[in-house]
file model26.pdb (PDB, C-alpha atoms)
MODEL        1
ATOM      1  CA  MET S   1     117.557-147.873 -31.938
ATOM      2  CA  THR S   2     117.452-144.738 -29.794
ATOM      3  CA  ASP S   3     118.186-145.017 -26.081
ATOM      4  CA  ASN S   4     116.921-142.516 -23.525
ATOM      5  CA  ILE S   5     120.406-141.358 -22.489
ATOM      6  CA  THR S   6     120.831-137.650 -21.796
ATOM      7  CA  THR S   7     123.581-137.386 -19.156
ATOM      8  CA  ILE S   8     127.282-138.255 -19.202
ATOM      9  CA  GLY S   9     127.268-139.993 -15.808
ATOM     10  CA  GLU S  10     130.151-140.461 -13.352
ATOM     11  CA  LYS S  11     133.794-139.613 -14.037
ATOM     12  CA  ILE S  12     136.440-142.181 -14.843
ATOM     13  CA  SER S  13     139.836-141.400 -13.343
ATOM     14  CA  ASN S  14     143.252-141.729 -14.971
ATOM     15  CA  ALA S  15     146.248-139.419 -15.404
ATOM     16  CA  VAL S  16     145.082-137.881 -18.682
ATOM     17  CA  LEU S  17     141.464-137.406 -17.654
ATOM     18  CA  ASP S  18     142.426-136.043 -14.233
ATOM     19  CA  ASN S  19     144.655-133.440 -15.906
ATOM     20  CA  ILE S  20     141.759-132.379 -18.132
ATOM     21  CA  TYR S  21     139.346-132.130 -15.213
ATOM     22  CA  GLN S  22     141.826-130.177 -13.070
ATOM     23  CA  ARG S  23     142.589-127.500 -15.683
ATOM     24  CA  ARG S  24     141.268-124.053 -14.782
ATOM     25  CA  SER S  25     141.361-120.643 -16.416
ATOM     26  CA  VAL S  26     143.994-118.881 -14.309
ATOM     27  CA  ARG S  27     144.010-115.100 -13.903
ATOM     28  CA  ASN S  28     146.321-114.672 -10.916
ATOM     29  CA  PHE S  29     150.014-115.354 -11.351
ATOM     30  CA  SER S  30     153.119-115.439  -9.184
ATOM     31  CA  ASP S  31     156.359-113.699 -10.123
ATOM     32  CA  LYS S  32     158.096-117.019 -10.777
ATOM     33  CA  GLU S  33     159.644-117.088 -14.236
ATOM     34  CA  VAL S  34     158.503-119.683 -16.759
ATOM     35  CA  SER S  35     161.629-121.115 -18.368
ATOM     36  CA  ASP S  36     162.155-121.112 -22.113
ATOM     37  CA  GLU S  37     162.373-124.920 -21.992
ATOM     38  CA  ILE S  38     158.888-125.158 -20.466
ATOM     39  CA  ILE S  39     157.479-122.690 -23.020
ATOM     40  CA  LYS S  40     158.960-124.708 -25.876
ATOM     41  CA  GLU S  41     157.459-127.901 -24.474
ATOM     42  CA  ILE S  42     154.041-126.254 -24.236
ATOM     43  CA  ILE S  43     154.335-125.193 -27.877
ATOM     44  CA  ARG S  44     155.505-128.680 -28.855
ATOM     45  CA  ALA S  45     152.325-130.091 -27.319
ATOM     46  CA  GLY S  46     150.358-127.668 -29.474
ATOM     47  CA  THR S  47     152.003-129.009 -32.614
ATOM     48  CA  TYR S  48     150.700-132.493 -31.827
ATOM     49  CA  ALA S  49     147.089-131.428 -32.253
ATOM     50  CA  PRO S  50     144.962-132.960 -35.026
ATOM     51  CA  THR S  51     145.382-131.141 -38.328
ATOM     52  CA  ALA S  52     143.399-131.308 -41.566
ATOM     53  CA  VAL S  53     145.411-132.967 -44.376
ATOM     54  CA  ASN S  54     148.490-132.513 -42.178
ATOM     55  CA  LYS S  55     148.785-128.804 -42.981
ATOM     56  CA  GLN S  56     150.048-128.033 -39.451
ATOM     57  CA  PRO S  57     148.970-124.400 -39.929
ATOM     58  CA  TRP S  58     149.778-123.169 -36.420
ATOM     59  CA  ARG S  59     152.367-120.469 -35.908
ATOM     60  CA  PHE S  60     153.324-118.923 -32.586
ATOM     61  CA  VAL S  61     154.452-115.560 -31.265
ATOM     62  CA  VAL S  62     155.944-115.669 -27.760
ATOM     63  CA  ILE S  63     156.166-112.475 -25.712
ATOM     64  CA  LYS S  64     157.891-112.508 -22.325
ATOM     65  CA  ASN S  65     158.894-108.857 -22.153
ATOM     66  CA  LYS S  66     156.748-107.441 -19.337
ATOM     67  CA  GLN S  67     156.693-103.910 -20.717
ATOM     68  CA  LEU S  68     155.548-105.128 -24.126
ATOM     69  CA  VAL S  69     152.862-107.374 -22.628
ATOM     70  CA  GLU S  70     151.489-104.355 -20.757
ATOM     71  CA  GLU S  71     151.622-102.219 -23.901
ATOM     72  CA  TYR S  72     149.778-104.819 -25.953
ATOM     73  CA  ASP S  73     147.308-105.212 -23.096
ATOM     74  CA  ASP S  74     146.407-101.523 -23.498
ATOM     75  CA  ARG S  75     146.134-101.815 -27.264
ATOM     76  CA  ALA S  76     143.915-104.892 -27.045
ATOM     77  CA  LYS S  77     141.624-103.068 -24.625
ATOM     78  CA  LYS S  78     141.365-100.056 -26.928
ATOM     79  CA  ALA S  79     140.614-102.280 -29.927
ATOM     80  CA  PHE S  80     137.811-104.060 -28.071
ATOM     81  CA  LEU S  81     136.282-100.827 -26.781
ATOM     82  CA  ALA S  82     136.367 -99.287 -30.258
ATOM     83  CA  ALA S  83     134.683-102.338 -31.768
ATOM     84  CA  TYR S  84     131.916-102.607 -29.164
ATOM     85  CA  LYS S  85     131.396 -99.024 -27.999
ATOM     86  CA  ASP S  86     127.828 -98.978 -29.364
ATOM     87  CA  THR S  87     126.883-102.554 -28.504
ATOM     88  CA  GLU S  88     123.537-103.326 -26.917
ATOM     89  CA  ILE S  89     124.318-106.981 -26.250
ATOM     90  CA  PRO S  90     124.164-107.335 -22.422
ATOM     91  CA  GLU S  91     127.257-109.528 -22.147
ATOM     92  CA  MET S  92     129.284-107.173 -24.339
ATOM     93  CA  VAL S  93     128.051-104.136 -22.394
ATOM     94  CA  ARG S  94     129.453-105.723 -19.231
ATOM     95  CA  PHE S  95     132.782-106.326 -20.943
ATOM     96  CA  VAL S  96     132.881-102.710 -22.134
ATOM     97  CA  GLN S  97     132.245-101.512 -18.584
ATOM     98  CA  PHE S  98     134.930-103.876 -17.285
ATOM     99  CA  LEU S  99     137.548-102.794 -19.825
ATOM    100  CA  SER S 100     136.765 -99.103 -19.383
ATOM    101  CA  LYS S 101     138.342 -99.215 -15.932
ATOM    102  CA  PRO S 102     141.976 -98.015 -16.153
ATOM    103  CA  ALA S 103     143.163-100.671 -13.715
ATOM    104  CA  THR S 104     141.761-103.567 -15.738
ATOM    105  CA  ARG S 105     144.454-105.774 -17.252
ATOM    106  CA  ILE S 106     143.157-108.318 -19.742
ATOM    107  CA  PHE S 107     146.441-110.244 -19.665
ATOM    108  CA  TYR S 108     146.302-110.206 -15.853
ATOM    109  CA  GLY S 109     150.021-109.531 -15.436
ATOM    110  CA  ALA S 110     150.886-112.968 -16.834
ATOM    111  CA  PRO S 111     154.610-113.497 -17.450
ATOM    112  CA  VAL S 112     154.084-115.197 -20.816
ATOM    113  CA  LEU S 113     151.818-114.294 -23.723
ATOM    114  CA  ILE S 114     151.629-116.734 -26.626
ATOM    115  CA  LEU S 115     149.621-115.826 -29.700
ATOM    116  CA  VAL S 116     148.504-118.715 -31.872
ATOM    117  CA  PHE S 117     148.109-117.808 -35.532
ATOM    118  CA  ALA S 118     146.786-119.739 -38.509
ATOM    119  CA  SER S 119     149.109-119.609 -41.503
ATOM    120  CA  PRO S 120     147.807-118.779 -44.998
ATOM    121  CA  ASN S 121     147.831-122.471 -46.008
ATOM    122  CA  VAL S 122     145.244-123.363 -43.358
ATOM    123  CA  ILE S 123     142.433-125.680 -44.419
ATOM    124  CA  ASN S 124     140.571-125.589 -41.116
ATOM    125  CA  GLU S 125     141.221-122.904 -38.501
ATOM    126  CA  HIS S 126     139.913-125.283 -35.847
ATOM    127  CA  ASP S 127     143.336-126.949 -36.017
ATOM    128  CA  CYS S 128     144.786-123.934 -34.221
ATOM    129  CA  ALA S 129     142.105-124.007 -31.543
ATOM    130  CA  LEU S 130     142.934-127.666 -30.971
ATOM    131  CA  ALA S 131     146.607-126.698 -30.678
ATOM    132  CA  ALA S 132     145.696-124.054 -28.100
ATOM    133  CA  GLU S 133     143.800-126.591 -25.995
ATOM    134  CA  ASN S 134     146.746-128.999 -26.169
ATOM    135  CA  MET S 135     148.970-126.188 -24.936
ATOM    136  CA  MET S 136     146.739-125.365 -21.988
ATOM    137  CA  LEU S 137     146.482-129.018 -20.984
ATOM    138  CA  ALA S 138     150.248-129.462 -21.296
ATOM    139  CA  ALA S 139     150.740-126.377 -19.138
ATOM    140  CA  GLN S 140     148.403-127.811 -16.503
ATOM    141  CA  SER S 141     150.436-131.017 -16.385
ATOM    142  CA  LEU S 142     153.582-128.933 -15.780
ATOM    143  CA  GLY S 143     152.089-126.856 -12.964
ATOM    144  CA  ILE S 144     151.551-123.832 -15.217
ATOM    145  CA  GLY S 145     148.278-121.904 -15.292
ATOM    146  CA  SER S 146     146.753-120.621 -18.503
ATOM    147  CA  CYS S 147     143.828-118.679 -19.916
ATOM    148  CA  TRP S 148     142.480-118.002 -23.416
ATOM    149  CA  ILE S 149     141.966-114.227 -23.661
ATOM    150  CA  GLY S 150     139.280-113.773 -26.290
ATOM    151  CA  LEU S 151     139.074-110.069 -25.447
ATOM    152  CA  ALA S 152     142.448-109.661 -27.157
ATOM    153  CA  ASP S 153     141.246-110.883 -30.562
ATOM    154  CA  GLY S 154     141.378-107.301 -31.836
ATOM    155  CA  LEU S 155     145.175-107.474 -31.913
ATOM    156  CA  GLY S 156     144.800-109.707 -34.934
ATOM    157  CA  TYR S 157     143.415-106.757 -36.908
ATOM    158  CA  ASP S 158     146.039-104.260 -35.710
ATOM    159  CA  MET S 159     148.391-104.077 -38.669
ATOM    160  CA  GLU S 160     150.983-102.079 -36.748
ATOM    161  CA  PHE S 161     151.011-104.666 -33.973
ATOM    162  CA  LEU S 162     151.332-107.566 -36.421
ATOM    163  CA  LYS S 163     154.278-105.839 -38.081
ATOM    164  CA  GLU S 164     155.940-105.169 -34.715
ATOM    165  CA  VAL S 165     155.804-108.821 -33.665
ATOM    166  CA  GLY S 166     156.914-110.105 -37.058
ATOM    167  CA  VAL S 167     153.746-111.776 -38.298
ATOM    168  CA  PRO S 168     153.745-112.128 -42.106
ATOM    169  CA  GLU S 169     150.779-111.066 -44.190
ATOM    170  CA  GLY S 170     147.958-113.578 -44.473
ATOM    171  CA  HIS S 171     148.209-114.999 -40.949
ATOM    172  CA  LYS S 172     145.132-114.895 -38.708
ATOM    173  CA  LEU S 173     145.139-114.625 -34.915
ATOM    174  CA  ILE S 174     143.157-117.527 -33.470
ATOM    175  CA  ALA S 175     144.088-117.786 -29.800
ATOM    176  CA  PRO S 176     145.711-115.230 -27.473
ATOM    177  CA  LEU S 177     146.915-117.341 -24.521
ATOM    178  CA  ILE S 178     148.522-116.351 -21.233
ATOM    179  CA  PHE S 179     150.688-118.616 -19.085
ATOM    180  CA  GLY S 180     152.344-118.469 -15.675
ATOM    181  CA  TYR S 181     152.646-120.140 -12.311
ATOM    182  CA  PRO S 182     149.362-119.649 -10.409
ATOM    183  CA  SER S 183     149.467-117.539  -7.278
ATOM    184  CA  LYS S 184     146.340-119.330  -6.034
ATOM    185  CA  GLN S 185     146.085-123.097  -5.793
ATOM    186  CA  ASN S 186     143.198-125.568  -5.865
ATOM    187  CA  LEU S 187     140.884-123.380  -7.898
ATOM    188  CA  LYS S 188     137.396-124.838  -8.017
ATOM    189  CA  ALA S 189     135.741-125.647 -11.308
ATOM    190  CA  SER S 190     132.352-124.210 -12.105
ATOM    191  CA  VAL S 191     129.630-126.828 -12.025
ATOM    192  CA  ARG S 192     129.455-128.667 -15.320
ATOM    193  CA  ASN S 193     126.077-129.489 -16.794
ATOM    194  CA  ALA S 194     125.894-133.265 -17.288
ATOM    195  CA  ASP S 195     122.602-133.156 -19.190
ATOM    196  CA  VAL S 196     124.219-132.450 -22.565
ATOM    197  CA  ILE S 197     123.392-135.393 -24.833
ATOM    198  CA  LEU S 198     120.777-134.459 -27.413
ATOM    199  CA  LYS S 199     120.361-137.965 -28.799
ATOM    200  CA  TRP S 200     122.001-141.377 -28.312
ATOM    201  CA  ILE S 201     121.488-143.734 -31.228
ATOM    202  CA  ASN S 202     122.622-147.374 -31.044
TER     203      ASN S 202
ENDMDL
END
call {"tool": "encode", "arguments": {"input": "model26.pdb", "output": "structure tokens"}}
result
Amino acid sequence: MTDNITTIGEKISNAVLDNIYQRRSVRNFSDKEVSDEIIKEIIRAGTYAPTAVNKQPWRFVVIKNKQLVEEYDDRAKKAFLAAYKDTEIPEMVRFVQFLSKPATRIFYGAPVLILVFASPNVINEHDCALAAENMMLAAQSLGIGSCWIGLADGLGYDMEFLKEVGVPEGHKLIAPLIFGYPSKQNLKASVRNADVILKWIN
């Protein structure tokens, strides 16, 4: 039997759901240092993500050195611009224009950059995306802001970069994530579309 249900209705509130609903992509950070203990806890949360046949394929590179984060910011920008310099896709054209500005920082001055890689034994790369989401939700619960920087994917194809940060051959960059204490509070969520159910079959 198919019911005519197309919307997800009203929210239910509890600690876990509230944390999910309050998470925002943060791009403005304070100078407050994120402790190593907090970073390790965020990574631990990532390792509790679902994983196909228990491969646990996630591997992490943590970069706190401000100078290096800025250097890799520049390299990620250059990689993106090289890859999309001739694009005609409107959204990509806007990104090219955005990244062409010298002042643009794709890591937004965040104090912590964590790169989530899939190891060569990975069965399903989605495991690492699930780990990344766990990490961002854990960060939210600890008062830490986060953002997935898809514009930095090009670092995963920069062999010199991978060698510099000690990533063995065969690993694939899945999620470049930034973390830090937000400099702005109470960020508003964009309106979510509730009309998302294609079919409800009972």
call {"tool": "resolve_selection", "arguments": {"input": "model26.pdb", "expression": "the PyMOL selection byres ((chain S and resi 79-87) around 8)", "output": "PyMOL selection string"}}
result
chain S and resi 75-78+88-89+92-93+96+99-100+151-152+154-155
call {"tool": "resolve_selection", "arguments": {"input": "model26.pdb", "expression": "the PyMOL selection byres ((chain S and resi 143-146) around 12)", "output": "count of residues only"}}
result
53
call {"tool": "atom_distance", "arguments": {"input": "model26.pdb", "atom1": "CA of Gly156 in chain S", "atom2": "CA of Glu37 in chain S"}}
result
26.6 Å
call {"tool": "resolve_selection", "arguments": {"input": "model26.pdb", "expression": "the PyMOL selection byres ((chain S and resi 172) around 6)", "output": "list in words"}}
result
Phe117, Ala118, His171 and Leu173 of chain S
call {"tool": "residues_near_point", "arguments": {"input": "model26.pdb", "point": "(156.9, -111.2, -26.1)", "cutoff": "10 Å", "atoms": "all atoms listed in the file", "output": "NGL selection string"}}
result
:S and (61-69 or 72 or 111-115 or 165)
call {"tool": "write_last_selection", "arguments": {"input": "model26.pdb", "atoms": "C-alpha atoms", "output": "PDB file, in the frame of the given file"}}
result
ATOM      1  CA  VAL S  61     154.452-115.560 -31.265  1.00  0.00           C
ATOM      2  CA  VAL S  62     155.944-115.669 -27.760  1.00  0.00           C
ATOM      3  CA  ILE S  63     156.166-112.475 -25.712  1.00  0.00           C
ATOM      4  CA  LYS S  64     157.891-112.508 -22.325  1.00  0.00           C
ATOM      5  CA  ASN S  65     158.894-108.857 -22.153  1.00  0.00           C
ATOM      6  CA  LYS S  66     156.748-107.441 -19.337  1.00  0.00           C
ATOM      7  CA  GLN S  67     156.693-103.910 -20.717  1.00  0.00           C
ATOM      8  CA  LEU S  68     155.548-105.128 -24.126  1.00  0.00           C
ATOM      9  CA  VAL S  69     152.862-107.374 -22.628  1.00  0.00           C
ATOM     10  CA  TYR S  72     149.778-104.819 -25.953  1.00  0.00           C
ATOM     11  CA  PRO S 111     154.610-113.497 -17.450  1.00  0.00           C
ATOM     12  CA  VAL S 112     154.084-115.197 -20.816  1.00  0.00           C
ATOM     13  CA  LEU S 113     151.818-114.294 -23.723  1.00  0.00           C
ATOM     14  CA  ILE S 114     151.629-116.734 -26.626  1.00  0.00           C
ATOM     15  CA  LEU S 115     149.621-115.826 -29.700  1.00  0.00           C
ATOM     16  CA  VAL S 165     155.804-108.821 -33.665  1.00  0.00           C
TER      17      VAL S 165
END
call {"tool": "closest_residue", "arguments": {"input": "model26.pdb", "among": "S:Ile12, S:Leu130, S:Ile106, S:Val53", "to": "Ile174 in chain S", "atoms": "only C-alpha atoms"}}
result
S:Leu130
call {"tool": "atom_distance", "arguments": {"input": "model26.pdb", "atom1": "CA of Thr7 in chain S", "atom2": "CA of Ala129 in chain S"}}
result
26.0 Å
call {"tool": "atom_distance", "arguments": {"input": "model26.pdb", "atom1": "CA of Asn14 in chain S", "atom2": "CA of Ala189 in chain S"}}
result
18.1 Å
call {"tool": "closest_residue", "arguments": {"input": "model26.pdb", "among": "S:Pro90, S:Ile5, S:Ala103, S:Asn202", "to": "Asp73 in chain S", "atoms": "all atoms listed in the file"}}
result
S:Ala103
call {"tool": "closest_residue", "arguments": {"input": "model26.pdb", "among": "S:Asp74, S:Arg94, S:Arg192, S:Val16", "to": "Phe161 in chain S", "atoms": "only C-alpha atoms"}}
result
S:Asp74
call {"tool": "build_atoms", "arguments": {"input": "model26.pdb", "residues": "range 3-32 of chain S", "atoms": "N, CA and C atoms", "output": "PDB file, in the coordinates of the input"}}
result
ATOM      1  N   ASP S   3     118.291-144.837 -27.518  1.00  0.00           N
ATOM      2  CA  ASP S   3     118.186-145.017 -26.081  1.00  0.00           C
ATOM      3  C   ASP S   3     117.924-143.682 -25.410  1.00  0.00           C
ATOM      4  N   ASN S   4     117.259-143.739 -24.265  1.00  0.00           N
ATOM      5  CA  ASN S   4     116.921-142.516 -23.525  1.00  0.00           C
ATOM      6  C   ASN S   4     118.082-142.123 -22.619  1.00  0.00           C
ATOM      7  N   ILE S   5     119.218-141.762 -23.237  1.00  0.00           N
ATOM      8  CA  ILE S   5     120.406-141.358 -22.489  1.00  0.00           C
ATOM      9  C   ILE S   5     120.626-139.868 -22.728  1.00  0.00           C
ATOM     10  N   THR S   6     120.654-139.101 -21.661  1.00  0.00           N
ATOM     11  CA  THR S   6     120.831-137.650 -21.796  1.00  0.00           C
ATOM     12  C   THR S   6     121.999-137.112 -20.982  1.00  0.00           C
ATOM     13  N   THR S   7     122.507-137.883 -20.017  1.00  0.00           N
ATOM     14  CA  THR S   7     123.581-137.386 -19.156  1.00  0.00           C
ATOM     15  C   THR S   7     124.861-138.191 -19.368  1.00  0.00           C
ATOM     16  N   ILE S   8     125.988-137.606 -18.979  1.00  0.00           N
ATOM     17  CA  ILE S   8     127.282-138.255 -19.202  1.00  0.00           C
ATOM     18  C   ILE S   8     127.748-139.097 -18.014  1.00  0.00           C
ATOM     19  N   GLY S   9     126.998-139.076 -16.913  1.00  0.00           N
ATOM     20  CA  GLY S   9     127.268-139.993 -15.808  1.00  0.00           C
ATOM     21  C   GLY S   9     128.488-139.635 -14.979  1.00  0.00           C
ATOM     22  N   GLU S  10     129.043-140.655 -14.284  1.00  0.00           N
ATOM     23  CA  GLU S  10     130.151-140.461 -13.352  1.00  0.00           C
ATOM     24  C   GLU S  10     131.490-140.400 -14.077  1.00  0.00           C
ATOM     25  N   LYS S  11     132.457-139.733 -13.463  1.00  0.00           N
ATOM     26  CA  LYS S  11     133.794-139.613 -14.037  1.00  0.00           C
ATOM     27  C   LYS S  11     134.563-140.922 -13.938  1.00  0.00           C
ATOM     28  N   ILE S  12     135.422-141.144 -14.899  1.00  0.00           N
ATOM     29  CA  ILE S  12     136.440-142.181 -14.843  1.00  0.00           C
ATOM     30  C   ILE S  12     137.762-141.481 -14.580  1.00  0.00           C
ATOM     31  N   SER S  13     138.595-142.061 -13.724  1.00  0.00           N
ATOM     32  CA  SER S  13     139.836-141.400 -13.343  1.00  0.00           C
ATOM     33  C   SER S  13     141.055-142.096 -13.942  1.00  0.00           C
ATOM     34  N   ASN S  14     141.904-141.309 -14.617  1.00  0.00           N
ATOM     35  CA  ASN S  14     143.252-141.729 -14.971  1.00  0.00           C
ATOM     36  C   ASN S  14     144.084-140.463 -15.131  1.00  0.00           C
ATOM     37  N   ALA S  15     145.365-140.589 -15.403  1.00  0.00           N
ATOM     38  CA  ALA S  15     146.248-139.419 -15.404  1.00  0.00           C
ATOM     39  C   ALA S  15     145.820-138.373 -16.437  1.00  0.00           C
ATOM     40  N   VAL S  16     145.463-138.823 -17.627  1.00  0.00           N
ATOM     41  CA  VAL S  16     145.082-137.881 -18.682  1.00  0.00           C
ATOM     42  C   VAL S  16     143.769-137.197 -18.340  1.00  0.00           C
ATOM     43  N   LEU S  17     142.767-137.980 -17.967  1.00  0.00           N
ATOM     44  CA  LEU S  17     141.464-137.406 -17.654  1.00  0.00           C
ATOM     45  C   LEU S  17     141.534-136.485 -16.443  1.00  0.00           C
ATOM     46  N   ASP S  18     142.300-136.882 -15.429  1.00  0.00           N
ATOM     47  CA  ASP S  18     142.426-136.043 -14.233  1.00  0.00           C
ATOM     48  C   ASP S  18     143.047-134.693 -14.593  1.00  0.00           C
ATOM     49  N   ASN S  19     144.028-134.695 -15.482  1.00  0.00           N
ATOM     50  CA  ASN S  19     144.655-133.440 -15.906  1.00  0.00           C
ATOM     51  C   ASN S  19     143.643-132.541 -16.619  1.00  0.00           C
ATOM     52  N   ILE S  20     142.800-133.143 -17.443  1.00  0.00           N
ATOM     53  CA  ILE S  20     141.759-132.379 -18.132  1.00  0.00           C
ATOM     54  C   ILE S  20     140.783-131.784 -17.124  1.00  0.00           C
ATOM     55  N   TYR S  21     140.351-132.593 -16.172  1.00  0.00           N
ATOM     56  CA  TYR S  21     139.346-132.130 -15.213  1.00  0.00           C
ATOM     57  C   TYR S  21     139.904-131.099 -14.233  1.00  0.00           C
ATOM     58  N   GLN S  22     141.218-131.112 -14.019  1.00  0.00           N
ATOM     59  CA  GLN S  22     141.826-130.177 -13.070  1.00  0.00           C
ATOM     60  C   GLN S  22     142.223-128.844 -13.704  1.00  0.00           C
ATOM     61  N   ARG S  23     142.223-128.755 -15.032  1.00  0.00           N
ATOM     62  CA  ARG S  23     142.589-127.500 -15.683  1.00  0.00           C
ATOM     63  C   ARG S  23     141.583-126.406 -15.341  1.00  0.00           C
ATOM     64  N   ARG S  24     142.104-125.222 -15.074  1.00  0.00           N
ATOM     65  CA  ARG S  24     141.268-124.053 -14.782  1.00  0.00           C
ATOM     66  C   ARG S  24     141.777-122.869 -15.612  1.00  0.00           C
ATOM     67  N   SER S  25     140.919-121.905 -15.824  1.00  0.00           N
ATOM     68  CA  SER S  25     141.361-120.643 -16.416  1.00  0.00           C
ATOM     69  C   SER S  25     141.951-119.809 -15.291  1.00  0.00           C
ATOM     70  N   VAL S  26     143.249-119.547 -15.379  1.00  0.00           N
ATOM     71  CA  VAL S  26     143.994-118.881 -14.309  1.00  0.00           C
ATOM     72  C   VAL S  26     144.192-117.408 -14.653  1.00  0.00           C
ATOM     73  N   ARG S  27     143.882-116.543 -13.685  1.00  0.00           N
ATOM     74  CA  ARG S  27     144.010-115.100 -13.903  1.00  0.00           C
ATOM     75  C   ARG S  27     144.811-114.416 -12.796  1.00  0.00           C
ATOM     76  N   ASN S  28     145.449-115.206 -11.967  1.00  0.00           N
ATOM     77  CA  ASN S  28     146.321-114.672 -10.916  1.00  0.00           C
ATOM     78  C   ASN S  28     147.633-115.440 -10.957  1.00  0.00           C
ATOM     79  N   PHE S  29     148.729-114.693 -11.131  1.00  0.00           N
ATOM     80  CA  PHE S  29     150.014-115.354 -11.351  1.00  0.00           C
ATOM     81  C   PHE S  29     151.064-114.884 -10.350  1.00  0.00           C
ATOM     82  N   SER S  30     151.982-115.783 -10.027  1.00  0.00           N
ATOM     83  CA  SER S  30     153.119-115.439  -9.184  1.00  0.00           C
ATOM     84  C   SER S  30     154.192-114.794 -10.048  1.00  0.00           C
ATOM     85  N   ASP S  31     155.250-114.329  -9.402  1.00  0.00           N
ATOM     86  CA  ASP S  31     156.359-113.699 -10.123  1.00  0.00           C
ATOM     87  C   ASP S  31     157.375-114.711 -10.632  1.00  0.00           C
ATOM     88  N   LYS S  32     157.146-115.985 -10.365  1.00  0.00           N
ATOM     89  CA  LYS S  32     158.096-117.019 -10.777  1.00  0.00           C
ATOM     90  C   LYS S  32     158.201-117.077 -12.297  1.00  0.00           C
TER      91      LYS S  32
END
